[in-house]
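What's in input_32.tsv: TSV, C-alpha atoms
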```tsv
chain	number	residue	atom	x	y	z
A	1	MET	CA	-6.45	-25.48	-8.92
A	2	SER	CA	-6.62	-24.36	-5.32
A	3	THR	CA	-9.68	-25.31	-3.26
A	4	ALA	CA	-9.17	-22.23	-1.06
A	5	SER	CA	-11.04	-19.00	-1.71
A	6	LEU	CA	-11.03	-15.32	-0.83
A	7	VAL	CA	-13.76	-14.06	1.46
A	8	THR	CA	-15.78	-11.07	0.28
A	9	LEU	CA	-17.10	-8.72	2.97
A	10	PRO	CA	-19.61	-5.91	2.44
A	11	GLY	CA	-18.50	-2.30	2.62
A	12	THR	CA	-20.45	-2.09	5.88
A	13	ALA	CA	-18.14	-4.60	7.60
A	14	SER	CA	-16.27	-3.54	10.72
A	15	VAL	CA	-12.52	-3.05	10.93
A	16	GLU	CA	-12.40	-5.99	13.36
A	17	GLN	CA	-14.07	-8.29	10.81
A	18	VAL	CA	-11.68	-7.17	8.07
A	19	VAL	CA	-8.60	-7.72	10.26
A	20	GLU	CA	-9.81	-11.13	11.43
A	21	ILE	CA	-10.10	-12.41	7.85
A	22	ILE	CA	-6.81	-10.86	6.71
A	23	GLU	CA	-4.88	-12.37	9.61
A	24	ARG	CA	-6.46	-15.76	8.91
A	25	ASP	CA	-6.33	-15.85	5.08
A	26	GLY	CA	-3.77	-13.20	4.14
A	27	GLY	CA	-6.31	-11.08	2.29
A	28	VAL	CA	-9.97	-10.13	1.90
A	29	ILE	CA	-12.15	-8.49	-0.75
A	30	ILE	CA	-14.30	-5.52	0.28
A	31	ALA	CA	-17.34	-5.10	-1.97
A	32	ASP	CA	-18.41	-1.54	-2.84
A	33	PHE	CA	-15.29	-0.13	-1.20
A	34	MET	CA	-15.51	3.11	-3.17
A	35	ALA	CA	-18.65	5.16	-3.71
A	36	SER	CA	-19.68	5.32	-7.37
A	37	ASP	CA	-19.35	9.10	-7.72
A	38	VAL	CA	-15.87	9.08	-6.19
A	39	LEU	CA	-14.89	6.14	-8.41
A	40	VAL	CA	-15.89	8.05	-11.54
A	41	GLU	CA	-13.62	10.96	-10.60
A	42	LEU	CA	-10.79	8.68	-9.52
A	43	LYS	CA	-10.97	6.69	-12.77
A	44	ALA	CA	-10.71	9.88	-14.82
A	45	GLN	CA	-7.63	10.94	-12.84
A	46	ILE	CA	-6.05	7.48	-13.10
A	47	ASP	CA	-6.72	7.29	-16.85
A	48	ALA	CA	-5.08	10.69	-17.32
A	49	ALA	CA	-1.97	9.51	-15.45
A	50	LEU	CA	-1.81	6.26	-17.42
A	51	ASP	CA	-2.15	8.14	-20.72
A	52	THR	CA	1.30	9.64	-20.07
A	53	SER	CA	2.86	6.21	-19.47
A	54	SER	CA	4.37	3.78	-21.94
A	55	PHE	CA	4.24	-0.01	-21.85
A	56	GLY	CA	6.87	-1.92	-19.89
A	57	HIS	CA	10.14	-2.78	-21.58
A	58	GLU	CA	10.75	-6.16	-20.00
A	59	ASN	CA	8.81	-9.35	-19.67
A	60	PHE	CA	9.82	-10.59	-16.26
A	61	PHE	CA	7.87	-8.42	-13.85
A	62	VAL	CA	6.39	-5.14	-15.10
A	63	GLY	CA	4.96	-6.61	-18.32
A	64	THR	CA	5.40	-5.53	-21.94
A	65	SER	CA	1.62	-5.09	-22.38
A	66	THR	CA	1.10	-3.33	-19.06
A	67	ARG	CA	1.10	0.40	-18.36
A	68	ARG	CA	1.98	1.76	-14.92
A	69	ALA	CA	1.80	5.22	-13.37
A	70	SER	CA	3.00	6.25	-9.91
A	71	ARG	CA	3.31	9.57	-8.02
A	72	LEU	CA	-0.44	9.30	-7.58
A	73	PHE	CA	-0.82	11.76	-4.70
A	74	ALA	CA	0.65	14.37	-7.04
A	75	ARG	CA	-1.77	13.44	-9.84
A	76	CYS	CA	-5.03	12.28	-8.30
A	77	SER	CA	-6.86	14.30	-5.66
A	78	ARG	CA	-9.13	11.33	-4.96
A	79	MET	CA	-6.21	9.33	-3.59
A	80	VAL	CA	-7.07	10.97	-0.28
A	81	ASP	CA	-10.39	9.09	-0.30
A	82	VAL	CA	-8.57	5.79	-0.78
A	83	VAL	CA	-5.98	6.13	1.96
A	84	MET	CA	-8.43	7.68	4.42
A	85	HIS	CA	-11.05	4.97	3.91
A	86	PRO	CA	-11.88	3.78	7.44
A	87	LEU	CA	-11.60	0.08	6.55
A	88	TYR	CA	-8.21	0.41	4.85
A	89	LEU	CA	-6.59	2.86	7.26
A	90	GLY	CA	-8.29	1.24	10.25
A	91	ALA	CA	-7.09	-2.24	9.28
A	92	ALA	CA	-3.57	-0.91	8.63
A	93	ARG	CA	-3.43	0.58	12.12
A	94	LYS	CA	-4.68	-2.65	13.72
A	95	ILE	CA	-2.30	-4.91	11.79
A	96	LEU	CA	0.84	-2.76	11.69
A	97	GLN	CA	0.79	-0.57	14.79
A	98	LYS	CA	1.40	-3.31	17.33
A	99	PRO	CA	3.15	-1.87	20.41
A	100	VAL	CA	6.66	-2.98	21.30
A	101	ASP	CA	8.10	-3.00	24.84
A	102	VAL	CA	11.68	-1.74	25.09
A	103	TRP	CA	14.13	-0.79	27.84
A	104	PHE	CA	15.56	2.71	28.23
A	105	GLY	CA	18.02	2.09	31.03
A	106	GLN	CA	15.98	0.80	33.97
A	107	GLU	CA	12.67	2.02	32.57
A	108	ARG	CA	10.33	-0.26	30.59
A	109	THR	CA	8.60	1.72	27.84
A	110	THR	CA	5.94	0.80	25.28
A	111	VAL	CA	6.50	2.21	21.78
A	112	THR	CA	3.84	2.18	19.06
A	113	PRO	CA	5.33	2.31	15.53
A	114	GLN	CA	4.24	4.87	12.97
A	115	ILE	CA	2.74	3.91	9.62
A	116	GLN	CA	3.39	5.54	6.26
A	117	ILE	CA	2.42	5.38	2.60
A	118	GLY	CA	5.14	3.30	0.98
A	119	MET	CA	4.12	3.23	-2.68
A	120	THR	CA	1.34	4.09	-5.11
A	121	GLN	CA	0.75	2.77	-8.60
A	122	ALA	CA	-1.97	2.52	-11.22
A	123	ILE	CA	-1.63	-0.71	-13.19
A	124	GLN	CA	-3.39	-1.30	-16.50
A	125	ILE	CA	-3.05	-4.81	-17.91
A	126	HIS	CA	-3.81	-4.89	-21.63
A	127	PRO	CA	-5.03	-7.84	-23.73
A	128	GLY	CA	-2.30	-10.37	-24.42
A	129	GLN	CA	-0.36	-9.68	-21.22
A	130	GLY	CA	0.73	-12.91	-19.51
A	131	LYS	CA	0.59	-13.53	-15.79
A	132	GLN	CA	3.06	-11.89	-13.43
A	133	PRO	CA	5.43	-14.02	-11.35
A	134	LEU	CA	3.99	-14.78	-7.92
A	135	HIS	CA	5.68	-12.70	-5.25
A	136	ARG	CA	5.42	-11.13	-1.82
A	137	ASP	CA	5.36	-7.33	-1.64
A	138	ASP	CA	7.37	-7.25	1.59
A	139	THR	CA	10.31	-8.55	-0.47
A	140	SER	CA	11.12	-4.84	-0.91
A	141	PHE	CA	12.19	-4.86	2.75
A	142	LEU	CA	13.83	-8.31	2.54
A	143	TRP	CA	11.32	-9.33	5.23
A	144	ARG	CA	11.79	-12.89	6.47
A	145	HIS	CA	9.10	-15.45	7.22
A	146	PRO	CA	7.69	-16.57	9.52
A	147	ASN	CA	7.56	-12.99	10.78
A	148	TYR	CA	6.35	-13.78	14.31
A	149	GLY	CA	3.35	-11.50	14.04
A	150	ARG	CA	5.11	-8.38	12.76
A	151	GLU	CA	3.82	-7.50	9.30
A	152	ALA	CA	5.44	-4.68	7.34
A	153	ARG	CA	2.71	-3.75	4.84
A	154	LEU	CA	-1.02	-3.71	4.19
A	155	GLN	CA	-1.61	-3.43	0.46
A	156	ILE	CA	-4.74	-2.44	-1.41
A	157	MET	CA	-5.69	-3.32	-4.97
A	158	LEU	CA	-8.71	-1.20	-5.87
A	159	ALA	CA	-10.59	-2.33	-8.97
A	160	ILE	CA	-10.98	0.72	-11.21
A	161	THR	CA	-12.50	-1.57	-13.85
A	162	GLU	CA	-14.02	-5.01	-13.36
A	163	PHE	CA	-11.58	-7.74	-12.31
A	164	THR	CA	-12.37	-11.13	-13.87
A	165	GLU	CA	-10.23	-14.16	-14.63
A	166	ALA	CA	-10.37	-13.21	-18.33
A	167	THR	CA	-9.23	-9.60	-17.78
A	168	GLY	CA	-6.34	-10.61	-15.54
A	169	ALA	CA	-7.67	-10.41	-12.00
A	170	THR	CA	-4.97	-10.48	-9.33
A	171	LYS	CA	-4.08	-14.04	-8.39
A	172	VAL	CA	-3.69	-14.72	-4.67
A	173	ILE	CA	-2.64	-17.73	-2.59
A	174	PRO	CA	-4.80	-17.62	0.56
A	175	GLY	CA	-2.85	-18.72	3.62
A	176	SER	CA	0.55	-18.18	2.02
A	177	HIS	CA	1.36	-15.47	4.58
A	178	LYS	CA	1.98	-18.33	7.02
A	179	TRP	CA	4.59	-20.04	4.83
A	180	ASP	CA	8.32	-19.93	5.47
A	181	ASP	CA	10.75	-18.63	2.86
A	182	GLU	CA	11.68	-22.07	1.53
A	183	ARG	CA	8.28	-22.96	0.10
A	184	CYS	CA	7.90	-22.03	-3.57
A	185	PRO	CA	4.50	-20.68	-4.70
A	186	GLN	CA	2.81	-22.69	-7.45
A	187	PRO	CA	0.31	-21.33	-10.03
A	188	GLU	CA	-2.22	-24.06	-9.22
A	189	GLU	CA	-2.41	-22.80	-5.63
A	190	THR	CA	-3.81	-19.40	-6.65
A	191	VAL	CA	-7.36	-18.09	-6.71
A	192	ASN	CA	-8.61	-15.12	-8.73
A	193	ALA	CA	-9.55	-11.93	-6.89
A	194	GLU	CA	-12.60	-11.34	-9.06
A	195	MET	CA	-14.49	-8.19	-8.11
A	196	ALA	CA	-16.62	-5.41	-9.53
A	197	ALA	CA	-15.27	-1.94	-10.21
A	198	GLY	CA	-15.17	-0.05	-6.92
A	199	SER	CA	-14.40	-3.13	-4.84
A	200	ALA	CA	-10.98	-3.65	-3.26
A	201	LEU	CA	-8.63	-6.44	-2.29
A	202	LEU	CA	-6.75	-5.83	0.98
A	203	PHE	CA	-3.78	-8.12	1.62
A	204	ILE	CA	-0.66	-8.16	3.73
A	205	GLY	CA	2.88	-7.97	2.39
A	206	SER	CA	3.64	-11.61	3.19
A	207	THR	CA	0.85	-13.00	0.94
A	208	TYR	CA	1.90	-14.42	-2.43
A	209	HIS	CA	0.08	-12.84	-5.37
A	210	GLY	CA	0.57	-11.59	-8.92
A	211	GLY	CA	-1.27	-10.05	-11.86
A	212	GLY	CA	-3.22	-12.49	-14.01
A	213	THR	CA	-3.25	-13.11	-17.76
A	214	ASN	CA	-5.50	-10.80	-19.76
A	215	SER	CA	-7.13	-13.05	-22.35
A	216	SER	CA	-9.99	-10.62	-22.99
A	217	ASP	CA	-10.32	-7.79	-25.50
A	218	THR	CA	-10.34	-4.99	-22.90
A	219	PRO	CA	-7.75	-3.54	-20.49
A	220	ARG	CA	-7.99	-4.16	-16.75
A	221	THR	CA	-7.16	-1.17	-14.54
A	222	GLY	CA	-6.33	-1.32	-10.85
A	223	LEU	CA	-4.92	1.06	-8.28
A	224	THR	CA	-2.51	-0.27	-5.69
A	225	MET	CA	-0.99	1.37	-2.62
A	226	GLY	CA	0.99	0.11	0.34
A	227	ILE	CA	0.67	1.36	3.91
A	228	ASP	CA	3.89	0.32	5.64
A	229	LEU	CA	5.59	0.36	9.00
A	230	GLY	CA	7.20	3.73	9.58
A	231	CYS	CA	10.57	2.14	10.39
A	232	VAL	CA	11.15	0.73	6.88
A	233	ARG	CA	12.23	2.76	3.87
A	234	GLN	CA	9.43	3.93	1.58
A	235	GLU	CA	9.47	1.92	-1.65
A	236	GLU	CA	8.45	4.99	-3.66
A	237	ASN	CA	10.22	8.22	-2.72
A	238	GLN	CA	7.25	10.36	-1.68
A	239	TYR	CA	9.40	13.41	-0.90
A	240	LEU	CA	10.46	13.79	-4.54
A	241	SER	CA	7.19	12.49	-6.02
A	242	ILE	CA	4.86	15.19	-4.71
A	243	PRO	CA	5.32	18.91	-5.47
A	244	PHE	CA	5.55	20.90	-2.27
A	245	GLU	CA	2.57	23.10	-3.09
A	246	THR	CA	0.46	19.98	-3.63
A	247	LEU	CA	1.68	18.50	-0.35
A	248	LYS	CA	0.72	21.62	1.60
A	249	GLY	CA	-2.84	21.35	0.29
A	250	LEU	CA	-3.34	17.79	1.58
A	251	PRO	CA	-5.02	17.00	4.92
A	252	SER	CA	-2.63	16.94	7.86
A	253	GLU	CA	-3.09	13.21	8.46
A	254	VAL	CA	-2.25	12.44	4.83
A	255	GLN	CA	0.86	14.64	5.03
A	256	ARG	CA	1.99	12.61	8.03
A	257	LEU	CA	1.24	9.34	6.24
A	258	LEU	CA	3.38	10.49	3.33
A	259	GLY	CA	6.37	10.62	5.68
A	260	TRP	CA	6.19	14.10	7.15
A	261	ASP	CA	6.14	12.87	10.72
A	262	ALA	CA	8.42	11.43	13.38
A	263	GLY	CA	7.50	8.43	15.49
A	264	GLU	CA	7.93	7.49	19.13
A	265	ASN	CA	10.96	5.43	18.10
A	266	PHE	CA	12.78	8.55	16.81
A	267	MET	CA	12.37	7.83	13.09
A	268	GLY	CA	12.28	10.77	10.68
A	269	TRP	CA	13.12	13.74	12.92
A	270	VAL	CA	14.86	16.94	11.79
A	271	GLU	CA	17.23	18.92	14.02
A	272	ARG	CA	16.68	22.64	14.49
A	273	GLY	CA	18.26	24.62	17.33
A	274	GLY	CA	19.40	21.44	19.03
A	275	LYS	CA	15.87	20.01	19.06
A	276	MET	CA	14.77	16.80	17.33
A	277	LEU	CA	11.56	17.97	15.64
A	278	SER	CA	8.86	16.32	13.58
A	279	PRO	CA	9.14	17.42	9.94
A	280	HIS	CA	5.43	18.22	10.08
A	281	THR	CA	6.41	21.26	12.14
A	282	PHE	CA	7.89	22.75	8.98
A	283	LEU	CA	4.61	22.38	7.10
A	284	GLU	CA	2.94	24.50	9.74
A	285	SER	CA	5.37	27.43	9.55
A	286	GLU	CA	5.85	29.55	6.43
A	287	ASP	CA	8.99	31.15	7.92
A	288	VAL	CA	10.61	27.77	8.47
A	289	LEU	CA	9.71	26.70	4.95
A	290	LYS	CA	11.33	29.82	3.54
A	291	SER	CA	14.48	29.23	5.59
A	292	LEU	CA	14.68	25.73	4.15
A	293	GLY	CA	14.29	27.05	0.61
A	294	LEU	CA	11.09	25.05	0.08
A	295	VAL	CA	8.96	28.09	-0.72
A	296	GLY	CA	9.77	31.50	-2.15
```
Before we go any further, please render this structure as structure tokens.
Amino acid sequence: MSTASLVTLPGTASVEQVVEIIERDGGVIIADFMASDVLVELKAQIDAALDTSSFGHENFFVGTSTRRASRLFARCSRMVDVVMHPLYLGAARKILQKPVDVWFGQERTTVTPQIQIGMTQAIQIHPGQGKQPLHRDDTSFLWRHPNYGREARLQIMLAITEFTEATGATKVIPGSHKWDDERCPQPEETVNAEMAAGSALLFIGSTYHGGGTNSSDTPRTGLTMGIDLGCVRQEENQYLSIPFETLKGLPSEVQRLLGWDAGENFMGWVERGGKMLSPHTFLESEDVLKSLGLVG
């Protein structure tokens, strides 16, 4: 068993404190991340989404006694509260939006990368489900390690129900974000991210982790989401996941985080009239939307 541990910070912690722990340990637990009234609504929305999902059909990764539901911004209005939480979004900006100096001819220019929502998923581990293989979430991008200070993702695992060792709390290897790609993660190196409902684990994409074994008699429900660099492909296709009418009703900043934006490094633009425009321009103009066939 590992002698390392995960630090738990109060919900009143600063973004700087959160980032300091994540960069040192690879992850941190935030107690009372979500207000109780918001959590009640979010849980009802998550449960409704999970009720439409079946159990996994394979043992290796998704779990045969685990239910999963994605497309959460189309299903759960309270997802806005999660992504806009100042500690999560603030830490993502600090960790991911590190400026890069580049040359354009003879001119030295500093470019700050965009960030985006890469994936969303509710995960409900039922009794009898075994532990998930330990993995890094930035494997989706085939990210290599050491990454020389450039992380690709800040993940959240929000406890919708209580996370205990018995219910299958997420297992994490603190410090594993500093390993190279040759070192194999071992089960005895993990610690359990035990936390009350409404608390959240924030961890970077290079940290080894995995769902635990549920040896209890009750399901364990968590909500996970990745905020990623804007220059990698979104793991979950947000453009096809969210109905356009739902998208238009979301706050402007959330629309941009879902991919309707173009960064300083020319990622995600759309050409109209010879101009390279941000796709968010189209959300602001009903005439443009009609010309694109997105609204009637």
Subject >> Nearest residue to A:Ala49 from the set A:Leu158, A:Val19, A:Ala169, A:Leu223 (distances using only C-alpha atoms) >> reply: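 Of all the options, A:Leu223 lies closest to A:Ala49.
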Near stretch 194-203 of chain A, within 6 Å and counting only C-alpha atoms, which residues show up once chain neighbours fewer than 5 positions away are dropped, as a compact mmCIF listing (two decimals) with C-alpha atoms, in the coordinates of the input?
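Here's the written file part_15.txt:
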```txt
# COMPACT_ATOMS: atom_id res chain seq x y z
CA GLY A 26 -3.77 -13.20 4.14
CA GLY A 27 -6.31 -11.08 2.29
CA VAL A 28 -9.97 -10.13 1.90
CA ILE A 29 -12.15 -8.49 -0.75
CA ILE A 30 -14.30 -5.52 0.28
CA ALA A 31 -17.34 -5.10 -1.97
CA ASP A 32 -18.41 -1.54 -2.84
CA PHE A 33 -15.29 -0.13 -1.20
CA MET A 34 -15.51 3.11 -3.17
CA LEU A 154 -1.02 -3.71 4.19
CA GLN A 155 -1.61 -3.43 0.46
CA ILE A 156 -4.74 -2.44 -1.41
CA MET A 157 -5.69 -3.32 -4.97
CA LEU A 158 -8.71 -1.20 -5.87
CA ALA A 159 -10.59 -2.33 -8.97
CA ILE A 160 -10.98 0.72 -11.21
CA THR A 161 -12.50 -1.57 -13.85
CA GLU A 162 -14.02 -5.01 -13.36
CA PHE A 163 -11.58 -7.74 -12.31
CA THR A 164 -12.37 -11.13 -13.87
CA ALA A 169 -7.67 -10.41 -12.00
```
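Across the structure, atom CA of A:Phe55 and atom CA of A:Ser70 are spaced 13.5 Å apart.
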**OP:** Considering all atoms listed in the file, state which residue in the set A:Arg68, A:Asp181, A:Met79, A:Lys248 is at the smallest distance from A:Pro146.
**Re:** A:Asp181
As lines of an AutoDock Vina configuration file, please report the centre and edge lengths, rounded to one decimal in Å, of the axis-aligned box that holds all listed atoms of stretch 247-261 of chain A with 6 Å of padding on each of the six sides.
```
center_x = 0.7
center_y = 15.5
center_z = 5.2
size_x = 23.4
size_y = 24.3
size_z = 23.1
```
Subject >> Using all atoms listed in the file: which of A:Gly210, A:Gly230, A:Pro185, A:Gly205 has the shortest distance to A:Val172 >> reply: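 Looking at the shortest contact to A:Val172, the residue is A:Gly210.
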**OP:** Within 7 Å of A:Glu264, counting all atoms listed in the file, which residues show up once you throw out same-chain ones fewer than 6 positions away? Write them as a ChimeraX atom specification, please.
**Re:** /A:111-113
Original post:
atom CA of A:Glu271 to atom CA of A:Gly259: how many Å, to one decimal?
Top reply: 16.0 Å
Original post:
Using all atoms listed in the file, which residue out of A:Val38, A:Ile227, A:Ala262, A:Ala4 lies closest to A:Gly118?
Top reply: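 Checking each of A:Val38, A:Ile227, A:Ala262, A:Ala4 against A:Gly118, counting all atoms listed in the file, the winner is A:Ile227.
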Original post:
Skipping near chain neighbours, those fewer than 6 positions away, what residues fall within 8 Å of stretch 89-103 of chain A using only C-alpha atoms, listed as a list of chain:residue names?
Top reply: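 Here the qualifying residues turn out to be A:Val15, A:Glu16, A:Val18, A:Val19, A:Val83, A:Thr109, A:Thr110, A:Val111, A:Thr112, A:Pro113, A:Gln114, A:Ile115, A:Arg150, A:Glu151, A:Ala152, A:Arg153, A:Leu154, A:Ile227, A:Asp228, A:Leu229.
Nearest to A:Thr207 of all the residues A:Asn147, A:Ser36, A:Gln238, A:Thr167 is A:Asn147, counting only C-alpha atoms.
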**OP:** Enter the distance from atom CA of A:Ile242 to atom CA of A:Arg272, in Å, rounded to one decimal.
**Re:** 23.7 Å
Counting all atoms listed in the file, what are the residues of stretch 194-293 of chain A within 8 Å of stretch 125-128 of chain A, and for each of them which pair of atoms is the nearest and at what distance in Å, to one decimal? Sort the table by chain and rising number, as a tab-separated table.
```
residue	atom	partner	partner_atom	distance
A:Thr213	CA	A:Gly128	CA	7.3
A:Asn214	CA	A:Pro127	CA	5.0
A:Ser215	CA	A:Pro127	CA	5.8
A:Ser216	CA	A:Pro127	CA	5.7
A:Asp217	CA	A:Pro127	CA	5.6
A:Thr218	CA	A:Pro127	CA	6.1
A:Pro219	CA	A:His126	CA	4.3
A:Arg220	CA	A:Ile125	CA	5.1
A:Thr221	CA	A:Ile125	CA	6.4
```
Given the selection you just returned, output its residues as a file containing C-alpha atoms, formatted as a compact mmCIF listing (two decimals), keeping the file's coordinate frame.
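Result went into again-v8.txt, see below:
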```
# COMPACT_ATOMS: atom_id res chain seq x y z
CA THR A 213 -3.25 -13.11 -17.76
CA ASN A 214 -5.50 -10.80 -19.76
CA SER A 215 -7.13 -13.05 -22.35
CA SER A 216 -9.99 -10.62 -22.99
CA ASP A 217 -10.32 -7.79 -25.50
CA THR A 218 -10.34 -4.99 -22.90
CA PRO A 219 -7.75 -3.54 -20.49
CA ARG A 220 -7.99 -4.16 -16.75
CA THR A 221 -7.16 -1.17 -14.54
```
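With distances restricted to all atoms listed in the file, A:Val82 is the closest residue to A:Gly226 from A:Asn265, A:Val82, A:Glu107, A:Thr170.
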Original post:
Using only C-alpha atoms, what residues lie at most 9 Å away from (2.9, -3.3, -15.0) (file coordinates), given as a list in words?
Top reply: Phe55, Gly56, Phe61, Val62, Gly63, Thr64, Ser65, Thr66, Arg67, Arg68, Ala69, Ala122, Ile123, Gln124, Ile125, Gln132 and Gly211 of chain A
Next, the residues of the selection above should be written as a PDB file, in the coordinates of the input with C-alpha atoms.
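This went into out-v4.pdb:
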```pdb
ATOM      1  CA  PHE A  55       4.240  -0.010 -21.850  1.00  0.00           C
ATOM      2  CA  GLY A  56       6.870  -1.920 -19.890  1.00  0.00           C
ATOM      3  CA  PHE A  61       7.870  -8.420 -13.850  1.00  0.00           C
ATOM      4  CA  VAL A  62       6.390  -5.140 -15.100  1.00  0.00           C
ATOM      5  CA  GLY A  63       4.960  -6.610 -18.320  1.00  0.00           C
ATOM      6  CA  THR A  64       5.400  -5.530 -21.940  1.00  0.00           C
ATOM      7  CA  SER A  65       1.620  -5.090 -22.380  1.00  0.00           C
ATOM      8  CA  THR A  66       1.100  -3.330 -19.060  1.00  0.00           C
ATOM      9  CA  ARG A  67       1.100   0.400 -18.360  1.00  0.00           C
ATOM     10  CA  ARG A  68       1.980   1.760 -14.920  1.00  0.00           C
ATOM     11  CA  ALA A  69       1.800   5.220 -13.370  1.00  0.00           C
ATOM     12  CA  ALA A 122      -1.970   2.520 -11.220  1.00  0.00           C
ATOM     13  CA  ILE A 123      -1.630  -0.710 -13.190  1.00  0.00           C
ATOM     14  CA  GLN A 124      -3.390  -1.300 -16.500  1.00  0.00           C
ATOM     15  CA  ILE A 125      -3.050  -4.810 -17.910  1.00  0.00           C
ATOM     16  CA  GLN A 132       3.060 -11.890 -13.430  1.00  0.00           C
ATOM     17  CA  GLY A 211      -1.270 -10.050 -11.860  1.00  0.00           C
TER      18      GLY A 211
END
```
Original post:
Taking (1.7, 20.2, -4.0) in the file's coordinates, which residues come within 12 Å, counting only C-alpha atoms, written as a ChimeraX atom specification?
Top reply: /A:71-77,238-251,255,283,294-295
Preceding selection exported with C-alpha atoms as a compact mmCIF listing (two decimals), in the coordinates of the input:
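The resulting file, part01.txt, is shown below:
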```txt
# COMPACT_ATOMS: atom_id res chain seq x y z
CA ARG A 71 3.31 9.57 -8.02
CA LEU A 72 -0.44 9.30 -7.58
CA PHE A 73 -0.82 11.76 -4.70
CA ALA A 74 0.65 14.37 -7.04
CA ARG A 75 -1.77 13.44 -9.84
CA CYS A 76 -5.03 12.28 -8.30
CA SER A 77 -6.86 14.30 -5.66
CA GLN A 238 7.25 10.36 -1.68
CA TYR A 239 9.40 13.41 -0.90
CA LEU A 240 10.46 13.79 -4.54
CA SER A 241 7.19 12.49 -6.02
CA ILE A 242 4.86 15.19 -4.71
CA PRO A 243 5.32 18.91 -5.47
CA PHE A 244 5.55 20.90 -2.27
CA GLU A 245 2.57 23.10 -3.09
CA THR A 246 0.46 19.98 -3.63
CA LEU A 247 1.68 18.50 -0.35
CA LYS A 248 0.72 21.62 1.60
CA GLY A 249 -2.84 21.35 0.29
CA LEU A 250 -3.34 17.79 1.58
CA PRO A 251 -5.02 17.00 4.92
CA GLN A 255 0.86 14.64 5.03
CA LEU A 283 4.61 22.38 7.10
CA LEU A 294 11.09 25.05 0.08
CA VAL A 295 8.96 28.09 -0.72
```
